[in-house]
>>> print(open('work-v1.cif').read())   # mmCIF, C-alpha atoms and all ligand atoms
data_final
#
loop_
_atom_site.label_atom_id
_atom_site.label_comp_id
_atom_site.auth_asym_id
_atom_site.auth_seq_id
_atom_site.Cartn_x
_atom_site.Cartn_y
_atom_site.Cartn_z
CA MET K 1 -8.63 18.58 29.34
CA ASP K 2 -12.42 18.43 28.83
CA SER K 3 -12.35 20.74 25.85
CA PHE K 4 -9.23 19.03 24.45
CA ILE K 5 -11.12 15.72 24.49
CA LYS K 6 -14.33 17.23 23.17
CA ASN K 7 -12.68 18.70 20.08
CA LEU K 8 -10.14 15.93 19.44
CA PRO K 9 -11.01 14.15 16.15
CA LYS K 10 -12.05 10.61 17.08
CA VAL K 11 -12.60 7.27 15.37
CA GLU K 12 -14.88 4.61 16.86
CA LEU K 13 -14.24 0.93 16.10
CA HIS K 14 -16.36 -0.93 18.66
CA LEU K 15 -19.99 0.09 18.65
CA HIS K 16 -23.05 -2.17 18.56
CA ILE K 17 -25.82 -0.25 16.86
CA GLU K 18 -28.42 -2.11 18.96
CA GLY K 19 -26.54 -0.81 22.01
CA THR K 20 -27.30 2.79 21.06
CA LEU K 21 -31.04 2.37 21.66
CA GLU K 22 -31.78 5.09 24.21
CA PRO K 23 -34.78 4.45 26.51
CA GLU K 24 -36.68 7.39 24.96
CA LEU K 25 -36.41 5.91 21.45
CA MET K 26 -37.25 2.48 22.87
CA PHE K 27 -40.53 3.90 24.18
CA GLN K 28 -41.25 5.75 20.96
CA LEU K 29 -40.71 2.63 18.84
CA ALA K 30 -42.63 0.40 21.27
CA LYS K 31 -45.61 2.70 20.87
CA ARG K 32 -45.25 3.07 17.10
CA ASN K 33 -44.97 -0.70 16.61
CA ASN K 34 -47.40 -1.80 19.29
CA VAL K 35 -44.75 -3.81 21.14
CA SER K 36 -45.15 -4.13 24.90
CA ILE K 37 -42.15 -3.44 27.14
CA PRO K 38 -42.08 -4.18 30.88
CA PHE K 39 -41.44 -0.54 31.90
CA GLU K 40 -43.60 2.53 32.55
CA THR K 41 -41.07 5.30 31.86
CA PRO K 42 -37.63 5.80 30.28
CA ASP K 43 -36.22 6.51 33.75
CA GLN K 44 -37.47 3.13 34.93
CA VAL K 45 -35.57 1.57 32.03
CA ARG K 46 -32.39 3.38 33.08
CA ASP K 47 -32.86 2.22 36.69
CA ALA K 48 -32.97 -1.37 35.43
CA TYR K 49 -29.51 -1.02 33.87
CA GLN K 50 -27.60 -2.43 36.85
CA PHE K 51 -25.35 -5.19 35.58
CA HIS K 52 -23.05 -7.60 37.40
CA ASN K 53 -21.55 -9.34 34.36
CA LEU K 54 -21.86 -9.64 30.57
CA GLN K 55 -24.81 -12.04 30.63
CA SER K 56 -26.93 -9.85 32.91
CA PHE K 57 -26.52 -7.08 30.32
CA LEU K 58 -27.15 -9.27 27.28
CA ASP K 59 -30.50 -10.47 28.68
CA ILE K 60 -31.81 -6.89 28.86
CA TYR K 61 -30.11 -5.81 25.64
CA TYR K 62 -31.75 -8.51 23.47
CA GLN K 63 -35.12 -7.68 25.03
CA GLY K 64 -34.70 -4.00 24.13
CA ALA K 65 -34.04 -4.87 20.48
CA ASN K 66 -37.58 -6.29 20.16
CA VAL K 67 -38.96 -2.82 19.40
CA LEU K 68 -36.96 -2.70 16.13
CA ILE K 69 -39.24 -3.95 13.37
CA HIS K 70 -39.29 -1.74 10.27
CA GLU K 71 -36.61 -0.28 8.01
CA GLN K 72 -37.45 3.16 9.41
CA ASP K 73 -36.73 1.90 12.96
CA PHE K 74 -33.21 0.80 11.99
CA TYR K 75 -32.73 4.12 10.22
CA ASP K 76 -33.94 6.14 13.25
CA LEU K 77 -31.69 4.14 15.59
CA THR K 78 -28.62 4.64 13.40
CA TRP K 79 -29.30 8.30 12.68
CA ALA K 80 -29.65 9.08 16.40
CA TYR K 81 -26.21 7.50 16.99
CA LEU K 82 -24.67 9.46 14.11
CA LEU K 83 -25.91 12.72 15.64
CA LYS K 84 -24.03 11.71 18.83
CA CYS K 85 -20.95 11.16 16.65
CA GLN K 86 -21.32 14.67 15.31
CA GLN K 87 -21.59 16.03 18.87
CA ASP K 88 -18.51 14.08 19.99
CA ASN K 89 -16.45 14.89 16.89
CA VAL K 90 -16.29 11.26 15.78
CA VAL K 91 -15.18 11.56 12.16
CA HIS K 92 -15.23 7.87 11.23
CA THR K 93 -17.11 4.96 12.80
CA GLU K 94 -17.17 1.19 12.23
CA ILE K 95 -20.50 -0.16 13.37
CA PHE K 96 -21.47 -3.69 14.45
CA PHE K 97 -24.91 -5.09 13.92
CA ASP K 98 -26.31 -8.45 15.06
CA PRO K 99 -28.53 -9.77 12.24
CA GLN K 100 -29.57 -12.89 14.16
CA THR K 101 -31.14 -10.80 16.96
CA HIS K 102 -33.61 -9.64 14.32
CA THR K 103 -33.87 -12.42 11.72
CA GLU K 104 -34.74 -14.84 14.56
CA ARG K 105 -37.82 -12.64 15.16
CA GLY K 106 -38.80 -12.77 11.49
CA ILE K 107 -37.26 -9.43 10.42
CA ALA K 108 -35.79 -9.61 6.91
CA PHE K 109 -32.04 -9.08 6.47
CA GLU K 110 -32.71 -6.40 3.87
CA VAL K 111 -34.87 -4.39 6.31
CA ILE K 112 -31.99 -4.27 8.82
CA VAL K 113 -29.19 -3.46 6.37
CA GLY K 114 -31.43 -1.10 4.38
CA GLY K 115 -32.28 1.09 7.38
CA ILE K 116 -28.75 1.18 8.79
CA THR K 117 -27.04 1.96 5.47
CA ARG K 118 -29.58 4.67 4.56
CA ALA K 119 -28.57 6.54 7.72
CA LEU K 120 -24.84 5.89 7.14
CA ASN K 121 -25.02 7.26 3.59
CA GLN K 122 -26.90 10.33 4.77
CA ALA K 123 -24.27 10.95 7.48
CA GLU K 124 -21.51 10.79 4.91
CA GLN K 125 -23.32 13.35 2.74
CA GLU K 126 -24.71 15.70 5.39
CA LEU K 127 -22.40 15.34 8.41
CA GLY K 128 -19.13 14.36 6.72
CA ILE K 129 -18.90 11.24 8.91
CA SER K 130 -17.51 8.18 7.13
CA SER K 131 -18.33 4.64 8.22
CA GLN K 132 -18.03 0.91 7.68
CA LEU K 133 -20.42 -1.87 8.67
CA ILE K 134 -19.45 -5.11 10.46
CA MET K 135 -21.84 -8.03 10.82
CA CYS K 136 -21.47 -10.02 14.06
CA PHE K 137 -22.43 -13.63 14.65
CA LEU K 138 -24.00 -14.36 18.03
CA ARG K 139 -21.69 -16.88 19.66
CA HIS K 140 -24.38 -18.35 21.94
CA LEU K 141 -26.06 -19.68 18.76
CA ASP K 142 -24.59 -22.54 16.74
CA GLU K 143 -22.29 -22.39 13.74
CA ASP K 144 -25.07 -23.49 11.37
CA SER K 145 -27.01 -20.36 12.26
CA ALA K 146 -23.89 -18.28 11.58
CA PHE K 147 -23.51 -19.99 8.18
CA GLU K 148 -27.13 -19.18 7.36
CA THR K 149 -26.50 -15.54 8.32
CA LEU K 150 -23.38 -15.41 6.16
CA LYS K 151 -25.45 -16.71 3.23
CA GLN K 152 -28.07 -14.00 3.79
CA ALA K 153 -25.32 -11.36 3.81
CA LEU K 154 -23.77 -12.30 0.46
CA PRO K 155 -26.06 -10.05 -1.64
CA TYR K 156 -24.97 -7.13 0.59
CA LYS K 157 -21.24 -7.88 0.42
CA ASP K 158 -20.45 -4.41 -0.93
CA LYS K 159 -22.02 -2.84 2.19
CA ILE K 160 -20.36 -5.04 4.83
CA ILE K 161 -16.59 -4.87 5.29
CA ALA K 162 -16.09 -7.53 7.96
CA VAL K 163 -17.66 -10.20 10.11
CA GLY K 164 -17.30 -10.28 13.89
CA LEU K 165 -18.25 -12.40 16.88
CA ASP K 166 -20.10 -11.19 19.96
CA SER K 167 -22.48 -12.22 22.79
CA SER K 168 -21.61 -14.66 25.62
CA GLU K 169 -17.87 -15.39 25.56
CA GLN K 170 -17.91 -17.90 28.42
CA GLY K 171 -18.52 -21.41 27.05
CA ASN K 172 -18.46 -20.23 23.41
CA PRO K 173 -14.79 -20.21 22.38
CA PRO K 174 -13.51 -19.05 18.96
CA GLU K 175 -13.05 -22.66 17.82
CA LYS K 176 -16.83 -23.06 17.58
CA PHE K 177 -16.85 -20.67 14.59
CA LYS K 178 -13.66 -21.52 12.72
CA HIS K 179 -15.40 -22.95 9.63
CA VAL K 180 -17.78 -20.04 9.14
CA PHE K 181 -14.97 -17.52 9.61
CA GLN K 182 -12.89 -19.38 7.01
CA GLU K 183 -15.81 -19.19 4.60
CA ALA K 184 -16.27 -15.47 5.35
CA ILE K 185 -12.58 -14.92 4.55
CA ASN K 186 -12.99 -16.90 1.32
CA GLN K 187 -15.90 -14.60 0.44
CA GLY K 188 -13.68 -11.55 0.88
CA PHE K 189 -14.73 -10.32 4.33
CA LEU K 190 -12.23 -9.09 6.91
CA THR K 191 -12.65 -10.64 10.36
CA VAL K 192 -12.71 -9.37 13.95
CA ALA K 193 -13.90 -11.00 17.18
CA HIS K 194 -14.71 -10.19 20.79
CA ALA K 195 -12.10 -12.05 22.85
CA GLY K 196 -10.49 -11.64 26.25
CA GLU K 197 -13.35 -9.55 27.64
CA GLU K 198 -14.67 -12.05 30.19
CA GLY K 199 -12.89 -15.02 28.66
CA PRO K 200 -9.21 -15.96 29.12
CA ALA K 201 -6.20 -14.82 27.08
CA GLN K 202 -6.36 -18.18 25.28
CA ASN K 203 -9.49 -16.92 23.50
CA ILE K 204 -7.43 -14.08 22.04
CA ILE K 205 -4.73 -16.51 20.90
CA ASP K 206 -7.35 -18.79 19.33
CA ALA K 207 -9.27 -15.95 17.70
CA LEU K 208 -6.04 -14.78 16.06
CA SER K 209 -4.99 -18.23 14.85
CA LEU K 210 -8.36 -19.91 14.10
CA LEU K 211 -10.51 -16.99 12.95
CA GLY K 212 -7.87 -14.97 11.07
CA ILE K 213 -8.82 -11.78 12.85
CA THR K 214 -7.00 -8.51 12.16
CA ARG K 215 -8.24 -6.71 15.26
CA ILE K 216 -9.40 -7.82 18.71
CA ASP K 217 -12.55 -6.47 20.34
CA HIS K 218 -11.90 -5.83 24.05
CA GLY K 219 -8.84 -8.06 24.57
CA VAL K 220 -8.02 -6.56 27.98
CA ARG K 221 -7.21 -9.99 29.45
CA CYS K 222 -4.18 -10.23 27.13
CA VAL K 223 -2.06 -9.17 30.15
CA GLU K 224 -2.47 -12.69 31.53
CA ASP K 225 -0.15 -14.12 28.84
CA GLU K 226 3.39 -12.75 28.45
CA ASP K 227 4.05 -14.30 25.03
CA LEU K 228 0.77 -12.98 23.69
CA MET K 229 1.62 -9.50 24.97
CA GLU K 230 4.95 -9.58 23.15
CA GLN K 231 3.26 -10.68 19.95
CA LEU K 232 0.55 -7.98 20.17
CA ILE K 233 3.19 -5.31 20.73
CA ALA K 234 5.45 -6.55 17.92
CA LYS K 235 2.61 -6.80 15.39
CA ARG K 236 0.71 -3.74 16.61
CA THR K 237 -2.46 -5.86 16.63
CA PRO K 238 -5.27 -3.45 17.53
CA LEU K 239 -7.45 -3.83 20.63
CA THR K 240 -10.80 -2.04 20.65
CA VAL K 241 -11.13 -1.35 24.37
CA CYS K 242 -14.39 -0.09 25.93
CA PRO K 243 -13.68 1.53 29.33
CA LEU K 244 -17.22 2.33 30.55
CA SER K 245 -18.49 -1.04 29.31
CA ASN K 246 -15.75 -2.84 31.25
CA THR K 247 -16.54 -1.11 34.54
CA LYS K 248 -20.33 -1.47 34.09
CA LEU K 249 -19.96 -5.21 33.42
CA LYS K 250 -17.39 -5.63 36.22
CA VAL K 251 -14.49 -6.72 34.04
CA PHE K 252 -12.75 -4.10 36.22
CA GLU K 253 -14.26 -2.98 39.53
CA THR K 254 -13.22 0.65 39.05
CA MET K 255 -11.82 2.82 36.25
CA GLN K 256 -8.66 3.30 38.33
CA GLU K 257 -8.07 -0.44 38.07
CA HIS K 258 -8.61 -0.47 34.29
CA ASN K 259 -5.46 -1.45 32.38
CA ILE K 260 -5.97 0.64 29.23
CA VAL K 261 -3.30 3.23 30.01
CA GLU K 262 -0.84 0.52 31.06
CA LEU K 263 -1.46 -1.22 27.71
CA LEU K 264 -0.94 2.03 25.80
CA ARG K 265 2.37 2.69 27.59
CA LYS K 266 3.55 -0.85 26.84
CA GLY K 267 3.15 -0.03 23.14
CA LEU K 268 -0.04 -1.91 22.29
CA CYS K 269 -2.31 -0.44 19.64
CA VAL K 270 -5.19 0.22 22.06
CA THR K 271 -8.20 2.36 21.19
CA ILE K 272 -11.11 3.86 23.16
CA ASN K 273 -14.68 2.92 22.21
CA SER K 274 -18.21 3.07 23.62
CA ASP K 275 -19.54 -0.50 22.92
CA ASP K 276 -23.21 -0.05 23.94
CA PRO K 277 -23.41 3.61 24.98
CA ALA K 278 -27.15 3.71 25.77
CA TYR K 279 -26.59 0.96 28.35
CA PHE K 280 -23.18 1.85 29.77
CA GLY K 281 -23.56 5.55 30.48
CA GLY K 282 -21.80 7.30 27.67
CA TYR K 283 -20.60 7.83 24.13
CA MET K 284 -17.05 8.51 22.93
CA ASN K 285 -16.32 11.72 24.84
CA ASP K 286 -17.64 10.18 28.06
CA ASN K 287 -15.30 7.21 27.60
CA PHE K 288 -12.28 9.43 26.94
CA LEU K 289 -13.20 11.59 29.95
CA ALA K 290 -13.68 8.59 32.23
CA VAL K 291 -10.17 7.36 31.36
CA ALA K 292 -8.62 10.84 31.73
CA ASN K 293 -10.33 11.40 35.08
CA ALA K 294 -9.12 8.10 36.53
CA HIS K 295 -5.58 8.12 35.09
CA PRO K 296 -2.99 10.89 34.74
CA VAL K 297 -2.82 10.86 30.93
CA THR K 298 -1.19 13.50 28.75
CA LYS K 299 -2.70 15.20 25.70
CA ASN K 300 -0.16 13.28 23.66
CA GLU K 301 -1.50 10.01 24.99
CA LEU K 302 -5.11 11.01 24.37
CA ALA K 303 -4.23 11.90 20.79
CA GLN K 304 -2.40 8.56 20.50
CA PHE K 305 -5.68 6.74 21.20
CA SER K 306 -7.13 8.52 18.16
CA ILE K 307 -4.08 7.82 16.01
CA ASN K 308 -4.21 4.14 17.02
CA ALA K 309 -7.88 3.97 16.02
CA ILE K 310 -7.11 5.50 12.64
CA GLU K 311 -4.29 2.99 12.13
CA ALA K 312 -6.59 0.14 13.17
CA SER K 313 -9.54 1.21 11.01
CA PHE K 314 -10.66 -0.36 7.74
CA ILE K 315 -10.18 2.74 5.60
CA SER K 316 -7.71 3.32 2.76
CA PRO K 317 -4.07 4.19 3.53
CA HIS K 318 -4.67 7.60 1.98
CA ALA K 319 -7.71 8.31 4.21
CA LYS K 320 -5.66 7.17 7.23
CA GLU K 321 -2.89 9.60 6.37
CA ASP K 322 -5.37 12.46 6.08
CA LEU K 323 -6.95 11.72 9.46
CA ILE K 324 -3.62 11.26 11.23
CA THR K 325 -2.49 14.64 9.89
CA GLN K 326 -5.71 16.15 11.23
CA VAL K 327 -5.04 14.73 14.72
CA ARG K 328 -1.38 15.80 14.71
CA GLN K 329 -2.31 19.33 13.67
CA TYR K 330 -4.96 19.46 16.39
CA LEU K 331 -2.41 18.29 18.99
CA ALA K 332 0.19 20.82 17.82
CA ALA K 333 -2.33 23.65 17.97
CA ASN K 334 -3.53 22.68 21.45
CA THR K 335 -0.42 21.96 23.48
N1 LIG K 401 -19.56 -8.27 24.50
C1 LIG K 401 -20.22 -9.29 23.98
N2 LIG K 401 -21.35 -9.15 23.30
C2 LIG K 401 -21.85 -7.92 23.16
C3 LIG K 401 -21.21 -6.83 23.68
C4 LIG K 401 -20.00 -7.01 24.38
O1 LIG K 401 -19.34 -6.07 24.85
N3 LIG K 401 -21.98 -5.76 23.39
C5 LIG K 401 -23.03 -6.20 22.67
N4 LIG K 401 -22.96 -7.52 22.53
ZN ZN K 402 -18.89 -5.23 22.13
#
>>> encode(input="work-v1.cif", output="structure tokens")
Amino acid sequence: MDSFIKNLPKVELHLHIEGTLEPELMFQLAKRNNVSIPFETPDQVRDAYQFHNLQSFLDIYYQGANVLIHEQDFYDLTWAYLLKCQQDNVVHTEIFFDPQTHTERGIAFEVIVGGITRALNQAEQELGISSQLIMCFLRHLDEDSAFETLKQALPYKDKIIAVGLDSSEQGNPPEKFKHVFQEAINQGFLTVAHAGEEGPAQNIIDALSLLGITRIDHGVRCVEDEDLMEQLIAKRTPLTVCPLSNTKLKVFETMQEHNIVELLRKGLCVTINSDDPAYFGGYMNDNFLAVANAHPVTKNELAQFSINAIEASFISPHAKEDLITQVRQYLAANT
């Protein structure tokens, strides 16, 4: 099964680029940019990654991002992630970034987008990995700040396919951002949102109806609402599930208790993703392996996760067809 997973063509749809900052690169950038960090070694940083909920992670995660200052830093961060994609046979990836984490520290929008897209373009050319970029609003900040961020993004509209919503779900429901999402839709962006990670199923319902989202990030708490489940199955609304993230942040106590395989078997369009791999102990292959080791899944089901992700991605119908054929051929040749 390990080698089946390793070589299976994969598509990632839930990945925060700031969450790919490995402790070694954090140290390198801290030194290069003369930023102080409260750790002596990369191992010390790893030891500090003990989380008991989403907020305990976010506090450390935003602190880590302080070492990102120059265009080259955003490039280095993104390129390092793309090399992991190459290793894990991720053929297409849709990447989140959090502009406000940086613009609030005085980093220009163009520095962030410039560095990230330079790496993405290079990966397309040199590694054959395609990608899309999604800009997330931080939901712990107010809607005015999100509007300001949307305004800053308009000159880069051709580089950003969608807007999303992340950070602390508790106390920051979808409703808080309904006007800015409507404006984003008017401007031609697709929309996604984190919902039903720590928050209730109602957040999924509201994100679908108030924010016009076409795909739900996490969404694992959908099981708490029967009608919602029926609707998600009927419409094949995609869920970008992040198994290692969910166990690290105690959404589920153990991988055995995770509901991802149950959701797949009920016919939901669930996908496997790494979320913040530098913080949660693994990239795409590690997430697939963690699921396969905790649940008796078939090769067919593992391939279905990839096919679901292709279906759920923001690429052209023609590109989807090509990738699905690739996965089906791989499955046929390896069963
Ligand atoms: N949830 C909310 N906010 C986040 C996450 C997440 O999984 N990762 C990075 N920011
Ligand atoms: Zn996330």
>>> closest_residue(input="work-v1.cif", among="K:Asp144, K:Val241, K:Gln86, K:Gln72", to="K:His179", atoms="only C-alpha atoms")
K:Asp144
>>> closest_residue(input="work-v1.cif", among="K:Ile95, K:Leu133, K:Met1, K:Leu263", to="K:Leu232", atoms="only C-alpha atoms")
K:Leu263
>>> atom_distance(input="work-v1.cif", atom1="atom CA of K:Arg328", atom2="atom CA of K:Ser3")
16.4 Å
>>> closest_atom_pairs(input="work-v1.cif", of="stretch 201-247 of chain K", to="stretch 273-288 of chain K", cutoff="8 Å", atoms="only C-alpha atoms", output="CSV")
residue,atom,partner,partner_atom,distance
K:Thr240,CA,K:Asn273,CA,6.5
K:Val241,CA,K:Asn273,CA,6.0
K:Cys242,CA,K:Asn273,CA,4.8
K:Pro243,CA,K:Asn287,CA,6.2
K:Leu244,CA,K:Asn287,CA,6.0
K:Ser245,CA,K:Phe280,CA,5.5
>>> residues_near_ligand(input="work-v1.cif", ligand="ligand LIG 401 (chain K)", cutoff="7 Å", atoms="only C-alpha atoms and all ligand atoms", output="number ranges by chain")
K: 16, 19, 54, 58, 166-169, 194, 245, 275-276
>>> closest_residue(input="work-v1.cif", among="K:Glu124, K:Ile69, K:Thr117, K:Val220", to="K:Glu262", atoms="all atoms listed in the file")
K:Val220
>>> residues_around(input="work-v1.cif", residues="K:Ala30", least_positions_apart="3", cutoff="10 Å", atoms="only C-alpha atoms", output="PyMOL selection string")
chain K and resi 24-27+33-37+64+66-69
>>> residues_near_point(input="work-v1.cif", point="(-22.7, 5.2, 8.0)", cutoff="10 Å", atoms="only C-alpha atoms", output="ChimeraX atom specification")
/K:78-79,81-82,92-95,116-125,128-133,159
>>> write_last_selection(input="work-v1.cif", atoms="C-alpha atoms", output="mmCIF file, in the frame of the given file")
data_model
loop_
_atom_site.group_PDB
_atom_site.id
_atom_site.type_symbol
_atom_site.label_atom_id
_atom_site.label_comp_id
_atom_site.auth_asym_id
_atom_site.auth_seq_id
_atom_site.Cartn_x
_atom_site.Cartn_y
_atom_site.Cartn_z
ATOM 1 C CA THR K 78 -28.620 4.640 13.400
ATOM 2 C CA TRP K 79 -29.300 8.300 12.680
ATOM 3 C CA TYR K 81 -26.210 7.500 16.990
ATOM 4 C CA LEU K 82 -24.670 9.460 14.110
ATOM 5 C CA HIS K 92 -15.230 7.870 11.230
ATOM 6 C CA THR K 93 -17.110 4.960 12.800
ATOM 7 C CA GLU K 94 -17.170 1.190 12.230
ATOM 8 C CA ILE K 95 -20.500 -0.160 13.370
ATOM 9 C CA ILE K 116 -28.750 1.180 8.790
ATOM 10 C CA THR K 117 -27.040 1.960 5.470
ATOM 11 C CA ARG K 118 -29.580 4.670 4.560
ATOM 12 C CA ALA K 119 -28.570 6.540 7.720
ATOM 13 C CA LEU K 120 -24.840 5.890 7.140
ATOM 14 C CA ASN K 121 -25.020 7.260 3.590
ATOM 15 C CA GLN K 122 -26.900 10.330 4.770
ATOM 16 C CA ALA K 123 -24.270 10.950 7.480
ATOM 17 C CA GLU K 124 -21.510 10.790 4.910
ATOM 18 C CA GLN K 125 -23.320 13.350 2.740
ATOM 19 C CA GLY K 128 -19.130 14.360 6.720
ATOM 20 C CA ILE K 129 -18.900 11.240 8.910
ATOM 21 C CA SER K 130 -17.510 8.180 7.130
ATOM 22 C CA SER K 131 -18.330 4.640 8.220
ATOM 23 C CA GLN K 132 -18.030 0.910 7.680
ATOM 24 C CA LEU K 133 -20.420 -1.870 8.670
ATOM 25 C CA LYS K 159 -22.020 -2.840 2.190
#
>>> closest_residue(input="work-v1.cif", among="K:Ser209, K:Thr20, K:Ser313, K:Gln231", to="ligand ZN 402 (chain K)", atoms="all atoms listed in the file")
K:Thr20
>>> atom_distance(input="work-v1.cif", atom1="atom CA of K:Gln187", atom2="atom CA of K:Ser145")
17.2 Å
>>> residues_around(input="work-v1.cif", residues="stretch 150-152 of chain K", least_positions_apart="5", cutoff="9 Å", atoms="all atoms listed in the file", output="PDB file with C-alpha atoms, keeping the file's coordinate frame")
ATOM      1  CA  PHE K 109     -32.040  -9.080   6.470  1.00  0.00           C
ATOM      2  CA  GLU K 110     -32.710  -6.400   3.870  1.00  0.00           C
ATOM      3  CA  MET K 135     -21.840  -8.030  10.820  1.00  0.00           C
ATOM      4  CA  PHE K 137     -22.430 -13.630  14.650  1.00  0.00           C
ATOM      5  CA  SER K 145     -27.010 -20.360  12.260  1.00  0.00           C
ATOM      6  CA  VAL K 163     -17.660 -10.200  10.110  1.00  0.00           C
ATOM      7  CA  VAL K 180     -17.780 -20.040   9.140  1.00  0.00           C
ATOM      8  CA  GLU K 183     -15.810 -19.190   4.600  1.00  0.00           C
ATOM      9  CA  ALA K 184     -16.270 -15.470   5.350  1.00  0.00           C
TER      10      ALA K 184
END
>>> atom_distance(input="work-v1.cif", atom1="atom CA of K:Cys222", atom2="atom CA of K:Ile205")
8.9 Å
>>> closest_residue(input="work-v1.cif", among="K:Ala309, K:Cys136, K:Leu211, K:Ile161", to="K:Thr149", atoms="all atoms listed in the file")
K:Cys136
